[in-house]
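Shown here: data_25.pdb, PDB, C-alpha atoms.
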```pdb
ATOM      1  CA  MET A  18      15.795 -12.209 168.812
ATOM      2  CA  LYS A  19      18.786 -11.351 166.654
ATOM      3  CA  LYS A  20      19.428  -8.282 168.815
ATOM      4  CA  LYS A  21      19.413 -10.452 171.913
ATOM      5  CA  ILE A  22      22.124 -12.676 170.495
ATOM      6  CA  ILE A  23      24.192  -9.645 169.472
ATOM      7  CA  HIS A  24      23.827  -8.209 172.973
ATOM      8  CA  LEU A  25      25.113 -11.424 174.509
ATOM      9  CA  VAL A  26      28.414 -10.740 172.810
ATOM     10  CA  LEU A  27      28.464  -6.950 172.469
ATOM     11  CA  LEU A  28      26.277  -5.882 175.398
ATOM     12  CA  SER A  29      23.407  -3.404 175.140
ATOM     13  CA  CYS A  30      24.058   0.292 175.829
ATOM     14  CA  VAL A  31      22.196  -0.012 179.125
ATOM     15  CA  LYS A  32      24.510  -2.817 180.203
ATOM     16  CA  ALA A  33      27.626  -1.077 178.860
ATOM     17  CA  THR A  34      26.928   2.148 180.772
ATOM     18  CA  GLU A  35      26.218   0.029 183.850
ATOM     19  CA  LEU A  36      29.660  -1.547 183.554
ATOM     20  CA  ILE A  37      31.250   1.889 183.101
ATOM     21  CA  GLU A  38      29.843   2.963 186.478
ATOM     22  CA  LYS A  39      30.578  -0.387 188.118
ATOM     23  CA  LYS A  40      34.180  -0.121 186.909
ATOM     24  CA  SER A  41      34.783   3.187 188.684
ATOM     25  CA  LEU A  42      33.533   1.698 191.970
ATOM     26  CA  PHE A  43      34.423  -1.958 192.147
ATOM     27  CA  GLY A  44      36.467  -2.680 189.044
ATOM     28  CA  LEU A  45      35.525  -5.299 186.467
ATOM     29  CA  SER A  46      36.318  -8.947 185.861
ATOM     30  CA  TRP A  47      38.429  -9.644 182.772
ATOM     31  CA  ILE A  48      35.388 -10.865 180.873
ATOM     32  CA  GLU A  49      33.468  -7.695 181.729
ATOM     33  CA  ARG A  50      36.435  -5.574 180.656
ATOM     34  CA  LEU A  51      36.551  -7.418 177.368
ATOM     35  CA  GLN A  52      32.790  -7.064 176.839
ATOM     36  CA  LEU A  53      32.958  -3.340 177.563
ATOM     37  CA  ARG A  54      35.882  -2.816 175.210
ATOM     38  CA  LEU A  55      34.146  -4.707 172.414
ATOM     39  CA  HIS A  56      31.079  -2.559 172.928
ATOM     40  CA  THR A  57      32.800   0.829 173.045
ATOM     41  CA  ASN A  58      34.781  -0.148 169.932
ATOM     42  CA  VAL A  59      31.594  -0.048 167.913
ATOM     43  CA  CYS A  60      29.407   2.348 169.939
ATOM     44  CA  ASP A  61      30.117   6.113 169.767
ATOM     45  CA  GLY A  62      27.407   6.961 172.302
ATOM     46  CA  CYS A  63      28.918   4.779 175.015
ATOM     47  CA  THR A  64      32.475   5.865 174.202
ATOM     48  CA  ILE A  65      31.469   9.494 174.733
ATOM     49  CA  TYR A  66      29.451   8.515 177.796
ATOM     50  CA  GLN A  67      32.536   6.916 179.321
ATOM     51  CA  GLN A  68      34.718   9.999 178.742
ATOM     52  CA  GLN A  69      32.094  12.333 180.180
ATOM     53  CA  SER A  70      31.385  10.058 183.117
ATOM     54  CA  ILE A  71      35.086  10.076 184.035
ATOM     55  CA  LEU A  72      35.190  13.867 183.703
ATOM     56  CA  LEU A  73      32.139  14.290 185.962
ATOM     57  CA  ASP A  74      33.791  11.990 188.522
ATOM     58  CA  LYS A  75      36.885  14.189 188.492
ATOM     59  CA  VAL A  76      34.896  17.360 189.097
ATOM     60  CA  LEU A  77      32.867  15.721 191.860
ATOM     61  CA  GLN A  78      36.012  14.306 193.443
ATOM     62  CA  THR A  79      37.681  17.704 193.492
ATOM     63  CA  GLN A  80      34.624  19.352 194.977
ATOM     64  CA  SER A  81      34.417  16.759 197.753
ATOM     65  CA  ILE A  82      37.997  16.408 198.877
ATOM     66  CA  ASN A  83      39.566  19.785 198.364
ATOM     67  CA  PHE A  84      37.591  22.374 200.275
ATOM     68  CA  ASP A  85      39.389  25.316 198.792
ATOM     69  CA  GLU A  86      38.426  24.183 195.310
ATOM     70  CA  LEU A  87      34.922  25.158 196.275
ATOM     71  CA  SER A  88      35.968  28.735 195.722
ATOM     72  CA  LEU A  89      34.992  27.780 192.173
ATOM     73  CA  LEU A  90      31.429  28.009 193.417
ATOM     74  CA  PRO A  91      29.917  31.211 194.773
ATOM     75  CA  GLN A  92      30.060  31.313 198.562
ATOM     76  CA  VAL A  93      26.698  30.850 200.271
ATOM     77  CA  LYS A  94      26.249  33.049 203.321
ATOM     78  CA  ASN A  95      24.069  32.574 206.364
ATOM     79  CA  GLU A  96      24.745  35.621 208.509
ATOM     80  CA  SER A  97      21.871  34.991 210.936
ATOM     81  CA  LEU A  98      23.129  31.512 211.853
ATOM     82  CA  LYS A  99      26.685  32.794 212.168
ATOM     83  CA  GLN A 100      25.552  35.553 214.554
ATOM     84  CA  SER A 101      23.442  33.193 216.631
ATOM     85  CA  ILE A 102      26.372  30.762 217.093
ATOM     86  CA  LEU A 103      28.621  33.679 218.058
ATOM     87  CA  LEU A 104      26.028  34.893 220.525
ATOM     88  CA  SER A 105      25.717  31.513 222.230
ATOM     89  CA  LEU A 106      29.505  31.269 222.495
ATOM     90  CA  ASP A 107      29.620  34.745 224.062
ATOM     91  CA  LYS A 108      27.144  33.543 226.657
ATOM     92  CA  ALA A 109      29.266  30.466 227.324
ATOM     93  CA  SER A 110      32.375  32.567 227.862
ATOM     94  CA  ASP A 111      30.715  35.077 230.216
TER      95      ASP A 111
ATOM     96  CA  MET B  11      43.374  27.318 236.160
ATOM     97  CA  GLU B  12      39.779  27.767 237.325
ATOM     98  CA  PRO B  13      37.345  25.486 235.515
ATOM     99  CA  SER B  14      35.201  28.452 234.510
ATOM    100  CA  THR B  15      38.128  30.341 232.997
ATOM    101  CA  HIS B  16      39.041  27.163 231.144
ATOM    102  CA  THR B  17      35.550  26.904 229.616
ATOM    103  CA  SER B  18      35.586  30.559 228.764
ATOM    104  CA  GLY B  19      38.983  30.251 227.040
ATOM    105  CA  ARG B  20      37.730  27.387 224.930
ATOM    106  CA  ALA B  21      34.590  29.252 223.956
ATOM    107  CA  LYS B  22      36.684  32.248 222.939
ATOM    108  CA  MET B  23      38.900  30.082 220.786
ATOM    109  CA  ILE B  24      35.903  28.498 219.046
ATOM    110  CA  ARG B  25      34.433  31.965 218.666
ATOM    111  CA  SER B  26      37.442  33.112 216.700
ATOM    112  CA  TRP B  27      37.121  30.058 214.468
ATOM    113  CA  VAL B  28      33.452  30.808 213.821
ATOM    114  CA  VAL B  29      34.465  34.278 212.692
ATOM    115  CA  LEU B  30      37.179  32.892 210.408
ATOM    116  CA  TYR B  31      35.727  29.680 209.027
ATOM    117  CA  PHE B  32      31.944  29.742 209.355
ATOM    118  CA  ASP B  33      31.359  30.973 205.804
ATOM    119  CA  SER B  34      33.452  28.295 204.106
ATOM    120  CA  LEU B  35      32.097  25.510 206.345
ATOM    121  CA  TYR B  36      28.507  26.572 205.796
ATOM    122  CA  SER B  37      28.977  27.021 202.072
ATOM    123  CA  TRP B  38      30.510  23.581 201.727
ATOM    124  CA  ALA B  39      27.753  21.944 203.829
ATOM    125  CA  PHE B  40      25.145  23.708 201.734
ATOM    126  CA  TYR B  41      26.580  22.425 198.455
ATOM    127  CA  LYS B  42      27.083  18.931 199.838
ATOM    128  CA  THR B  43      23.488  18.605 201.084
ATOM    129  CA  SER B  44      21.601  20.990 198.786
ATOM    130  CA  SER B  45      19.542  21.896 201.816
ATOM    131  CA  LYS B  46      19.644  25.066 203.897
ATOM    132  CA  GLU B  47      18.127  23.408 206.965
ATOM    133  CA  SER B  48      20.487  20.423 206.875
ATOM    134  CA  ALA B  49      23.519  22.626 206.313
ATOM    135  CA  GLU B  50      22.491  24.765 209.312
ATOM    136  CA  ASP B  51      22.099  21.717 211.570
ATOM    137  CA  LEU B  52      25.362  20.152 210.459
ATOM    138  CA  VAL B  53      27.460  23.293 210.865
ATOM    139  CA  GLN B  54      25.943  24.045 214.252
ATOM    140  CA  ASP B  55      26.692  20.473 215.345
ATOM    141  CA  THR B  56      30.236  20.825 214.070
ATOM    142  CA  PHE B  57      30.983  23.809 216.307
ATOM    143  CA  LEU B  58      29.281  22.075 219.212
ATOM    144  CA  VAL B  59      31.459  18.983 218.768
ATOM    145  CA  ALA B  60      34.501  21.238 218.389
ATOM    146  CA  LEU B  61      33.694  22.962 221.670
ATOM    147  CA  LYS B  62      33.283  19.646 223.481
ATOM    148  CA  SER B  63      36.351  17.971 222.064
ATOM    149  CA  ILE B  64      38.753  20.853 221.726
ATOM    150  CA  ASP B  65      41.110  19.083 224.135
ATOM    151  CA  GLN B  66      41.740  16.512 221.392
ATOM    152  CA  PHE B  67      42.659  19.233 218.946
ATOM    153  CA  GLU B  68      45.892  20.335 220.638
ATOM    154  CA  GLY B  69      46.955  22.275 217.586
ATOM    155  CA  LYS B  70      47.981  19.089 215.762
ATOM    156  CA  SER B  71      46.485  20.266 212.502
ATOM    157  CA  ASP B  72      45.287  23.673 211.489
ATOM    158  CA  PRO B  73      41.851  24.497 212.913
ATOM    159  CA  LYS B  74      40.254  24.766 209.484
ATOM    160  CA  SER B  75      41.110  21.181 208.494
ATOM    161  CA  TRP B  76      40.110  19.948 211.928
ATOM    162  CA  LEU B  77      36.702  21.597 211.661
ATOM    163  CA  PHE B  78      36.253  20.364 208.100
ATOM    164  CA  GLY B  79      37.093  16.856 209.273
ATOM    165  CA  ILE B  80      34.273  16.996 211.822
ATOM    166  CA  LEU B  81      31.829  18.475 209.314
ATOM    167  CA  ARG B  82      32.765  15.957 206.670
ATOM    168  CA  HIS B  83      31.916  13.053 208.994
ATOM    169  CA  LYS B  84      28.613  14.693 209.853
ATOM    170  CA  VAL B  85      27.766  15.106 206.168
ATOM    171  CA  MET B  86      28.650  11.445 205.528
ATOM    172  CA  ASP B  87      26.353  10.319 208.352
ATOM    173  CA  TYR B  88      23.614  12.486 206.888
ATOM    174  CA  HIS B  89      23.941  10.834 203.470
ATOM    175  CA  ARG B  90      24.121   7.315 204.927
ATOM    176  CA  GLN B  91      20.771   7.981 206.598
ATOM    177  CA  LYS B  92      19.223   9.447 203.433
ATOM    178  CA  TYR B  93      20.510   6.581 201.345
ATOM    179  CA  LYS B  94      19.270   3.887 203.713
ATOM    180  CA  ASN B  95      15.929   5.471 204.592
ATOM    181  CA  PRO B  96      14.660   7.524 201.687
ATOM    182  CA  GLY B  97      11.071   7.112 202.915
ATOM    183  CA  ILE B  98       8.182   5.300 201.222
ATOM    184  CA  VAL B  99       6.835   8.298 199.317
ATOM    185  CA  ALA B 100      10.277   9.126 197.964
ATOM    186  CA  LEU B 101      10.833   5.494 196.992
ATOM    187  CA  ALA B 102       7.654   5.382 194.929
ATOM    188  CA  ALA B 103       8.660   8.589 193.155
ATOM    189  CA  ILE B 104      12.149   7.212 192.478
ATOM    190  CA  GLU B 105      10.614   4.097 190.941
ATOM    191  CA  GLY B 106       8.774   6.362 188.481
ATOM    192  CA  ARG B 107      11.855   8.469 187.796
ATOM    193  CA  THR B 108      13.888   5.345 186.986
ATOM    194  CA  GLU B 109      11.344   4.048 184.483
ATOM    195  CA  ALA B 110      11.007   7.464 182.854
ATOM    196  CA  LEU B 111      14.778   7.863 182.649
ATOM    197  CA  PHE B 112      15.429   4.523 180.968
ATOM    198  CA  GLY B 113      12.353   4.951 178.763
ATOM    199  CA  THR B 114      13.626   8.300 177.505
ATOM    200  CA  LEU B 115      17.282   7.438 177.031
ATOM    201  CA  PHE B 116      17.047   3.970 175.540
ATOM    202  CA  ASN B 117      14.886   2.137 173.007
ATOM    203  CA  THR B 118      13.321  -1.282 173.528
ATOM    204  CA  HIS B 119      16.591  -2.916 172.461
ATOM    205  CA  GLU B 120      18.357  -1.024 175.254
ATOM    206  CA  GLU B 121      20.310   1.091 172.765
ATOM    207  CA  TRP B 122      20.580   4.889 172.955
ATOM    208  CA  ASN B 123      17.639   6.676 171.372
ATOM    209  CA  ALA B 124      18.984   8.734 168.481
ATOM    210  CA  THR B 125      18.204  12.083 170.153
ATOM    211  CA  GLU B 126      19.631  10.987 173.529
ATOM    212  CA  SER B 127      22.934   9.473 172.479
ATOM    213  CA  PRO B 128      25.762  11.388 174.232
ATOM    214  CA  GLN B 129      27.303  14.119 172.078
ATOM    215  CA  PRO B 130      30.881  15.351 172.471
ATOM    216  CA  TRP B 131      31.249  18.403 174.707
ATOM    217  CA  GLN B 132      32.985  21.082 172.686
ATOM    218  CA  GLU B 133      35.455  22.049 175.356
ATOM    219  CA  GLU B 134      38.693  20.675 176.734
ATOM    220  CA  PRO B 135      38.118  18.557 179.861
ATOM    221  CA  ALA B 136      40.859  20.473 181.689
ATOM    222  CA  HIS B 137      39.047  23.762 181.041
ATOM    223  CA  LEU B 138      35.760  22.365 182.304
ATOM    224  CA  LEU B 139      37.356  21.208 185.568
ATOM    225  CA  ASP B 140      38.427  24.766 186.400
ATOM    226  CA  ASN B 141      35.403  26.529 185.001
ATOM    227  CA  PRO B 142      33.257  28.039 187.801
ATOM    228  CA  ASP B 143      30.176  28.137 185.559
ATOM    229  CA  PHE B 144      30.545  24.467 184.730
ATOM    230  CA  ASN B 145      30.943  23.643 188.414
ATOM    231  CA  GLU B 146      27.798  25.597 189.113
ATOM    232  CA  ALA B 147      25.879  23.846 186.338
ATOM    233  CA  LEU B 148      26.903  20.523 187.848
ATOM    234  CA  GLN B 149      25.668  21.662 191.271
ATOM    235  CA  ASP B 150      22.316  22.608 189.763
ATOM    236  CA  CYS B 151      22.013  19.188 188.174
ATOM    237  CA  LEU B 152      22.989  17.420 191.419
ATOM    238  CA  LYS B 153      20.229  19.327 193.189
ATOM    239  CA  LYS B 154      17.647  17.926 190.780
ATOM    240  CA  LEU B 155      18.489  14.285 191.504
ATOM    241  CA  PRO B 156      16.136  12.206 193.663
ATOM    242  CA  LEU B 157      17.424  12.417 197.238
ATOM    243  CA  ASN B 158      18.869   8.952 197.624
ATOM    244  CA  TRP B 159      20.600   9.099 194.230
ATOM    245  CA  PHE B 160      22.090  12.380 195.352
ATOM    246  CA  SER B 161      23.246  10.738 198.589
ATOM    247  CA  ALA B 162      24.730   7.758 196.739
ATOM    248  CA  ILE B 163      26.786  10.137 194.589
ATOM    249  CA  GLN B 164      27.908  12.211 197.560
ATOM    250  CA  LEU B 165      28.948   9.088 199.485
ATOM    251  CA  LYS B 166      30.969   7.821 196.547
ATOM    252  CA  PHE B 167      33.166  10.902 196.701
ATOM    253  CA  LEU B 168      33.146  11.729 200.413
ATOM    254  CA  GLU B 169      34.034   8.283 201.720
ATOM    255  CA  GLU B 170      37.692   7.458 202.098
ATOM    256  CA  LYS B 171      36.905   3.775 202.542
ATOM    257  CA  LYS B 172      36.699   1.242 199.747
ATOM    258  CA  PRO B 173      33.237   1.006 198.129
ATOM    259  CA  ASP B 174      32.881  -2.626 199.332
ATOM    260  CA  GLN B 175      33.257  -1.493 202.893
ATOM    261  CA  VAL B 176      30.874   1.413 202.359
ATOM    262  CA  CYS B 177      28.220  -1.039 201.140
ATOM    263  CA  GLN B 178      28.818  -3.356 204.061
ATOM    264  CA  GLU B 179      28.317  -0.539 206.538
ATOM    265  CA  LEU B 180      25.216   0.642 204.707
ATOM    266  CA  GLY B 181      23.869  -2.903 204.658
ATOM    267  CA  VAL B 182      23.321  -2.834 200.882
ATOM    268  CA  THR B 183      24.733  -5.058 198.169
ATOM    269  CA  PRO B 184      27.396  -3.669 195.811
ATOM    270  CA  THR B 185      24.960  -4.318 192.941
ATOM    271  CA  ASN B 186      22.316  -2.137 194.571
ATOM    272  CA  TYR B 187      24.897   0.608 195.072
ATOM    273  CA  TRP B 188      26.359   0.746 191.571
ATOM    274  CA  GLN B 189      22.944   0.467 189.972
ATOM    275  CA  ILE B 190      21.833   3.578 191.839
ATOM    276  CA  ILE B 191      25.063   5.338 190.904
ATOM    277  CA  HIS B 192      24.395   4.283 187.296
ATOM    278  CA  ARG B 193      20.946   5.898 187.301
ATOM    279  CA  ALA B 194      22.251   9.024 188.992
ATOM    280  CA  LYS B 195      25.102   9.409 186.498
ATOM    281  CA  LEU B 196      22.824   8.870 183.480
ATOM    282  CA  GLN B 197      20.546  11.580 184.803
ATOM    283  CA  LEU B 198      23.394  13.897 185.726
ATOM    284  CA  ARG B 199      25.084  13.604 182.337
ATOM    285  CA  LYS B 200      21.819  14.240 180.515
ATOM    286  CA  CYS B 201      21.149  17.301 182.676
ATOM    287  CA  ILE B 202      24.638  18.718 181.995
ATOM    288  CA  GLN B 203      24.212  18.074 178.287
ATOM    289  CA  ILE B 204      21.007  20.106 178.305
ATOM    290  CA  ASN B 205      21.977  22.876 180.734
ATOM    291  CA  TRP B 206      25.558  23.423 179.735
ATOM    292  CA  PHE B 207      25.813  22.379 176.122
ATOM    293  CA  ASN B 208      22.193  22.855 175.114
ATOM    294  CA  GLY B 209      22.408  19.470 173.450
TER     295      GLY B 209
END
```

structure tokens encoding of this file:
Amino acid sequence: MKKKIIHLVLLSCVKATELIEKKSLFGLSWIERLQLRLHTNVCDGCTIYQQQSILLDKVLQTQSINFDELSLLPQVKNESLKQSILLSLDKASD
Amino acid sequence: MEPSTHTSGRAKMIRSWVVLYFDSLYSWAFYKTSSKESAEDLVQDTFLVALKSIDQFEGKSDPKSWLFGILRHKVMDYHRQKYKNPGIVALAAIEGRTEALFGTLFNTHEEWNATESPQPWQEEPAHLLDNPDFNEALQDCLKKLPLNWFSAIQLKFLEEKKPDQVCQELGVTPTNYWQIIHRAKLQLRKCIQINWFNG
């Protein structure tokens, strides 16, 4: 019961991490921002979660938007598909 | 110009683009879908669309960005479908995954379990961004997500539109969307912690 009352003010970690993800998509209301700040002030786990969540977003963002950044990942080949597309284009240009 | 020569010229142009750009297009599609079959379909479709609509290209941008633009829209469509219709079997499995995830990470008071509480990653964020091994570890973890969580994450970063609009087009509520992103990110972070930092 006591925990429930504390969580009304300070949020639970489930709720706090929810708000962290909601924030990066839709933003938060001022009351939600305040609640999240109060929570991360006293919770190391959620503070670290927030930093790492933002970092993961950055990596994912880079991988999605900037195609050349994918050179960070090993190139995946599919020679048989490439050849079959080339072959069908050769037929089309005959 | 004879119509046939016209067609043949277009096919030759596309052919040269296949030679130049196939590998990067295919690679990107593969990482964005985590599926060989889907990547094959999407890249094939991309060149087909390019062949049909090459008149709209007119050299306005460079061919590589033009092709990537087509592929990117195809990949977005793919994820919208996966997100909206994960299938009944997949849905049941996801239900189980969600319960297991929250049960592992948090105690009954919804606080981090001592062993699961996020630990600092002993490396500068800037270094991680540029680290190929870290990027690869993240790809591995993405692959392990349930399909519609994976699609939710991909859509978040592929879409240029505002998330509200994305939800509207998907016919889902914003709450539904960020809750799925929440689950996916919890899972993803945990996976990275284990695979990369052995935490």

Once you count only C-alpha atoms, what closest atom pair and distance in Å to one decimal does each residue of chain B within 7 Å of chain A have, with rows by chain and rising residue number, as a tab-separated table?
```
residue	atom	partner	partner_atom	distance
B:Thr17	CA	A:Ser110	CA	6.7
B:Ser18	CA	A:Ser110	CA	3.9
B:Ala21	CA	A:Ser110	CA	5.6
B:Lys22	CA	A:Ser110	CA	6.6
B:Arg25	CA	A:Leu103	CA	6.1
B:Phe32	CA	A:Lys99	CA	6.7
B:Asp33	CA	A:Lys94	CA	6.0
B:Ser37	CA	A:Val93	CA	4.8
B:Glu120	CA	A:Val31	CA	5.5
B:Glu121	CA	A:Cys30	CA	4.9
B:Trp122	CA	A:Cys30	CA	6.4
B:Ser127	CA	A:Gly62	CA	5.1
B:Pro128	CA	A:Gly62	CA	5.1
B:Gln129	CA	A:Ile65	CA	6.8
B:Pro130	CA	A:Ile65	CA	6.3
B:Pro135	CA	A:Leu72	CA	6.7
B:Leu139	CA	A:Val76	CA	5.8
B:Pro142	CA	A:Leu89	CA	4.7
B:Asn145	CA	A:Leu90	CA	6.7
B:Glu146	CA	A:Leu90	CA	6.1
B:Phe167	CA	A:Gln78	CA	5.5
B:Leu168	CA	A:Ser81	CA	5.8
B:Pro173	CA	A:Leu42	CA	6.2
B:Trp188	CA	A:Lys39	CA	5.6
B:Gln189	CA	A:Glu35	CA	7.0
B:Ile191	CA	A:Glu38	CA	6.9
B:His192	CA	A:Glu38	CA	5.7
```

Just the selected residues (C-alpha atoms), exported as a JSON list (two decimals), keeping the file's coordinate frame, please.
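That gives us result.json:
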```json
[["chain", "number", "residue", "atom", "x", "y", "z"],
["B", 17, "THR", "CA", 35.55, 26.90, 229.62],
["B", 18, "SER", "CA", 35.59, 30.56, 228.76],
["B", 21, "ALA", "CA", 34.59, 29.25, 223.96],
["B", 22, "LYS", "CA", 36.68, 32.25, 222.94],
["B", 25, "ARG", "CA", 34.43, 31.96, 218.67],
["B", 32, "PHE", "CA", 31.94, 29.74, 209.36],
["B", 33, "ASP", "CA", 31.36, 30.97, 205.80],
["B", 37, "SER", "CA", 28.98, 27.02, 202.07],
["B", 120, "GLU", "CA", 18.36, -1.02, 175.25],
["B", 121, "GLU", "CA", 20.31, 1.09, 172.76],
["B", 122, "TRP", "CA", 20.58, 4.89, 172.96],
["B", 127, "SER", "CA", 22.93, 9.47, 172.48],
["B", 128, "PRO", "CA", 25.76, 11.39, 174.23],
["B", 129, "GLN", "CA", 27.30, 14.12, 172.08],
["B", 130, "PRO", "CA", 30.88, 15.35, 172.47],
["B", 135, "PRO", "CA", 38.12, 18.56, 179.86],
["B", 139, "LEU", "CA", 37.36, 21.21, 185.57],
["B", 142, "PRO", "CA", 33.26, 28.04, 187.80],
["B", 145, "ASN", "CA", 30.94, 23.64, 188.41],
["B", 146, "GLU", "CA", 27.80, 25.60, 189.11],
["B", 167, "PHE", "CA", 33.17, 10.90, 196.70],
["B", 168, "LEU", "CA", 33.15, 11.73, 200.41],
["B", 173, "PRO", "CA", 33.24, 1.01, 198.13],
["B", 188, "TRP", "CA", 26.36, 0.75, 191.57],
["B", 189, "GLN", "CA", 22.94, 0.47, 189.97],
["B", 191, "ILE", "CA", 25.06, 5.34, 190.90],
["B", 192, "HIS", "CA", 24.40, 4.28, 187.30]]
```

Name every residue that the PyMOL selection byres ((chain B and resi 77-85) around 8) selects in this structure, writing the answer as a list in words with chains first and numbers rising.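 This file gives the following for the PyMOL selection byres ((chain B and resi 77-85) around 8): Leu35, Ala39, Lys42, Thr43, Leu52, Val53, Thr56, Phe57, Val59, Ala60, Pro73, Lys74, Ser75, Trp76, Met86, Asp87, Tyr88, His89 and Leu168 of chain B.
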
Those residues with C-alpha atoms, as a PDB file, keeping the file's coordinate frame please?
```pdb
ATOM      1  CA  LEU B  35      32.097  25.510 206.345  1.00  0.00           C
ATOM      2  CA  ALA B  39      27.753  21.944 203.829  1.00  0.00           C
ATOM      3  CA  LYS B  42      27.083  18.931 199.838  1.00  0.00           C
ATOM      4  CA  THR B  43      23.488  18.605 201.084  1.00  0.00           C
ATOM      5  CA  LEU B  52      25.362  20.152 210.459  1.00  0.00           C
ATOM      6  CA  VAL B  53      27.460  23.293 210.865  1.00  0.00           C
ATOM      7  CA  THR B  56      30.236  20.825 214.070  1.00  0.00           C
ATOM      8  CA  PHE B  57      30.983  23.809 216.307  1.00  0.00           C
ATOM      9  CA  VAL B  59      31.459  18.983 218.768  1.00  0.00           C
ATOM     10  CA  ALA B  60      34.501  21.238 218.389  1.00  0.00           C
ATOM     11  CA  PRO B  73      41.851  24.497 212.913  1.00  0.00           C
ATOM     12  CA  LYS B  74      40.254  24.766 209.484  1.00  0.00           C
ATOM     13  CA  SER B  75      41.110  21.181 208.494  1.00  0.00           C
ATOM     14  CA  TRP B  76      40.110  19.948 211.928  1.00  0.00           C
ATOM     15  CA  MET B  86      28.650  11.445 205.528  1.00  0.00           C
ATOM     16  CA  ASP B  87      26.353  10.319 208.352  1.00  0.00           C
ATOM     17  CA  TYR B  88      23.614  12.486 206.888  1.00  0.00           C
ATOM     18  CA  HIS B  89      23.941  10.834 203.470  1.00  0.00           C
ATOM     19  CA  LEU B 168      33.146  11.729 200.413  1.00  0.00           C
TER      20      LEU B 168
END
```

Could you work out how far atom CA of B:Asp72 lies from atom CA of B:Val28, giving the answer in Å with one decimal? 14.0 Å

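Between atom CA of B:His119 and atom CA of A:Ser46 the interatomic distance comes to 24.6 Å.
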
Residue IDs satisfying the PyMOL selection byres ((chain B and resi 160) around 12), as a PyMOL selection string: (chain A and resi 77) or (chain B and resi 41-45+88-90+92-93+96+104+149-159+161-167+190-195+197-198)

Give me, please, the distance in Å between atom CA of B:Lys94 and atom CA of B:Glu179, quoted to one decimal.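 Computed distance, atom CA of B:Lys94 to atom CA of B:Glu179, equals 10.5 Å.
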
Reconstruct N, CA and C atoms of stretch 149-162 of chain B; output as a PDB file, keeping the file's coordinate frame.
```
ATOM      1  N   GLN B 149      26.381  21.557 189.997  1.00  0.00           N
ATOM      2  CA  GLN B 149      25.668  21.662 191.271  1.00  0.00           C
ATOM      3  C   GLN B 149      24.162  21.716 191.053  1.00  0.00           C
ATOM      4  N   ASP B 150      23.748  22.500 190.070  1.00  0.00           N
ATOM      5  CA  ASP B 150      22.316  22.608 189.763  1.00  0.00           C
ATOM      6  C   ASP B 150      21.742  21.254 189.393  1.00  0.00           C
ATOM      7  N   CYS B 151      22.499  20.501 188.604  1.00  0.00           N
ATOM      8  CA  CYS B 151      22.013  19.188 188.174  1.00  0.00           C
ATOM      9  C   CYS B 151      21.987  18.196 189.335  1.00  0.00           C
ATOM     10  N   LEU B 152      22.973  18.292 190.226  1.00  0.00           N
ATOM     11  CA  LEU B 152      22.989  17.420 191.419  1.00  0.00           C
ATOM     12  C   LEU B 152      21.740  17.648 192.255  1.00  0.00           C
ATOM     13  N   LYS B 153      21.379  18.927 192.379  1.00  0.00           N
ATOM     14  CA  LYS B 153      20.229  19.327 193.189  1.00  0.00           C
ATOM     15  C   LYS B 153      18.933  18.689 192.691  1.00  0.00           C
ATOM     16  N   LYS B 154      18.883  18.433 191.375  1.00  0.00           N
ATOM     17  CA  LYS B 154      17.647  17.926 190.780  1.00  0.00           C
ATOM     18  C   LYS B 154      17.516  16.406 190.901  1.00  0.00           C
ATOM     19  N   LEU B 155      18.561  15.748 191.374  1.00  0.00           N
ATOM     20  CA  LEU B 155      18.489  14.285 191.504  1.00  0.00           C
ATOM     21  C   LEU B 155      17.548  13.891 192.638  1.00  0.00           C
ATOM     22  N   PRO B 156      16.878  12.717 192.516  1.00  0.00           N
ATOM     23  CA  PRO B 156      16.136  12.206 193.663  1.00  0.00           C
ATOM     24  C   PRO B 156      17.095  12.072 194.853  1.00  0.00           C
ATOM     25  N   LEU B 157      16.556  12.308 196.060  1.00  0.00           N
ATOM     26  CA  LEU B 157      17.424  12.417 197.238  1.00  0.00           C
ATOM     27  C   LEU B 157      18.393  11.259 197.448  1.00  0.00           C
ATOM     28  N   ASN B 158      17.915  10.010 197.279  1.00  0.00           N
ATOM     29  CA  ASN B 158      18.869   8.952 197.624  1.00  0.00           C
ATOM     30  C   ASN B 158      19.875   8.681 196.500  1.00  0.00           C
ATOM     31  N   TRP B 159      19.573   9.131 195.283  1.00  0.00           N
ATOM     32  CA  TRP B 159      20.600   9.099 194.230  1.00  0.00           C
ATOM     33  C   TRP B 159      21.654  10.142 194.556  1.00  0.00           C
ATOM     34  N   PHE B 160      21.190  11.298 194.953  1.00  0.00           N
ATOM     35  CA  PHE B 160      22.090  12.380 195.352  1.00  0.00           C
ATOM     36  C   PHE B 160      23.025  11.904 196.470  1.00  0.00           C
ATOM     37  N   SER B 161      22.441  11.225 197.468  1.00  0.00           N
ATOM     38  CA  SER B 161      23.246  10.738 198.589  1.00  0.00           C
ATOM     39  C   SER B 161      24.240   9.672 198.149  1.00  0.00           C
ATOM     40  N   ALA B 162      23.824   8.795 197.237  1.00  0.00           N
ATOM     41  CA  ALA B 162      24.730   7.758 196.739  1.00  0.00           C
ATOM     42  C   ALA B 162      25.948   8.400 196.078  1.00  0.00           C
TER      43      ALA B 162
END
```
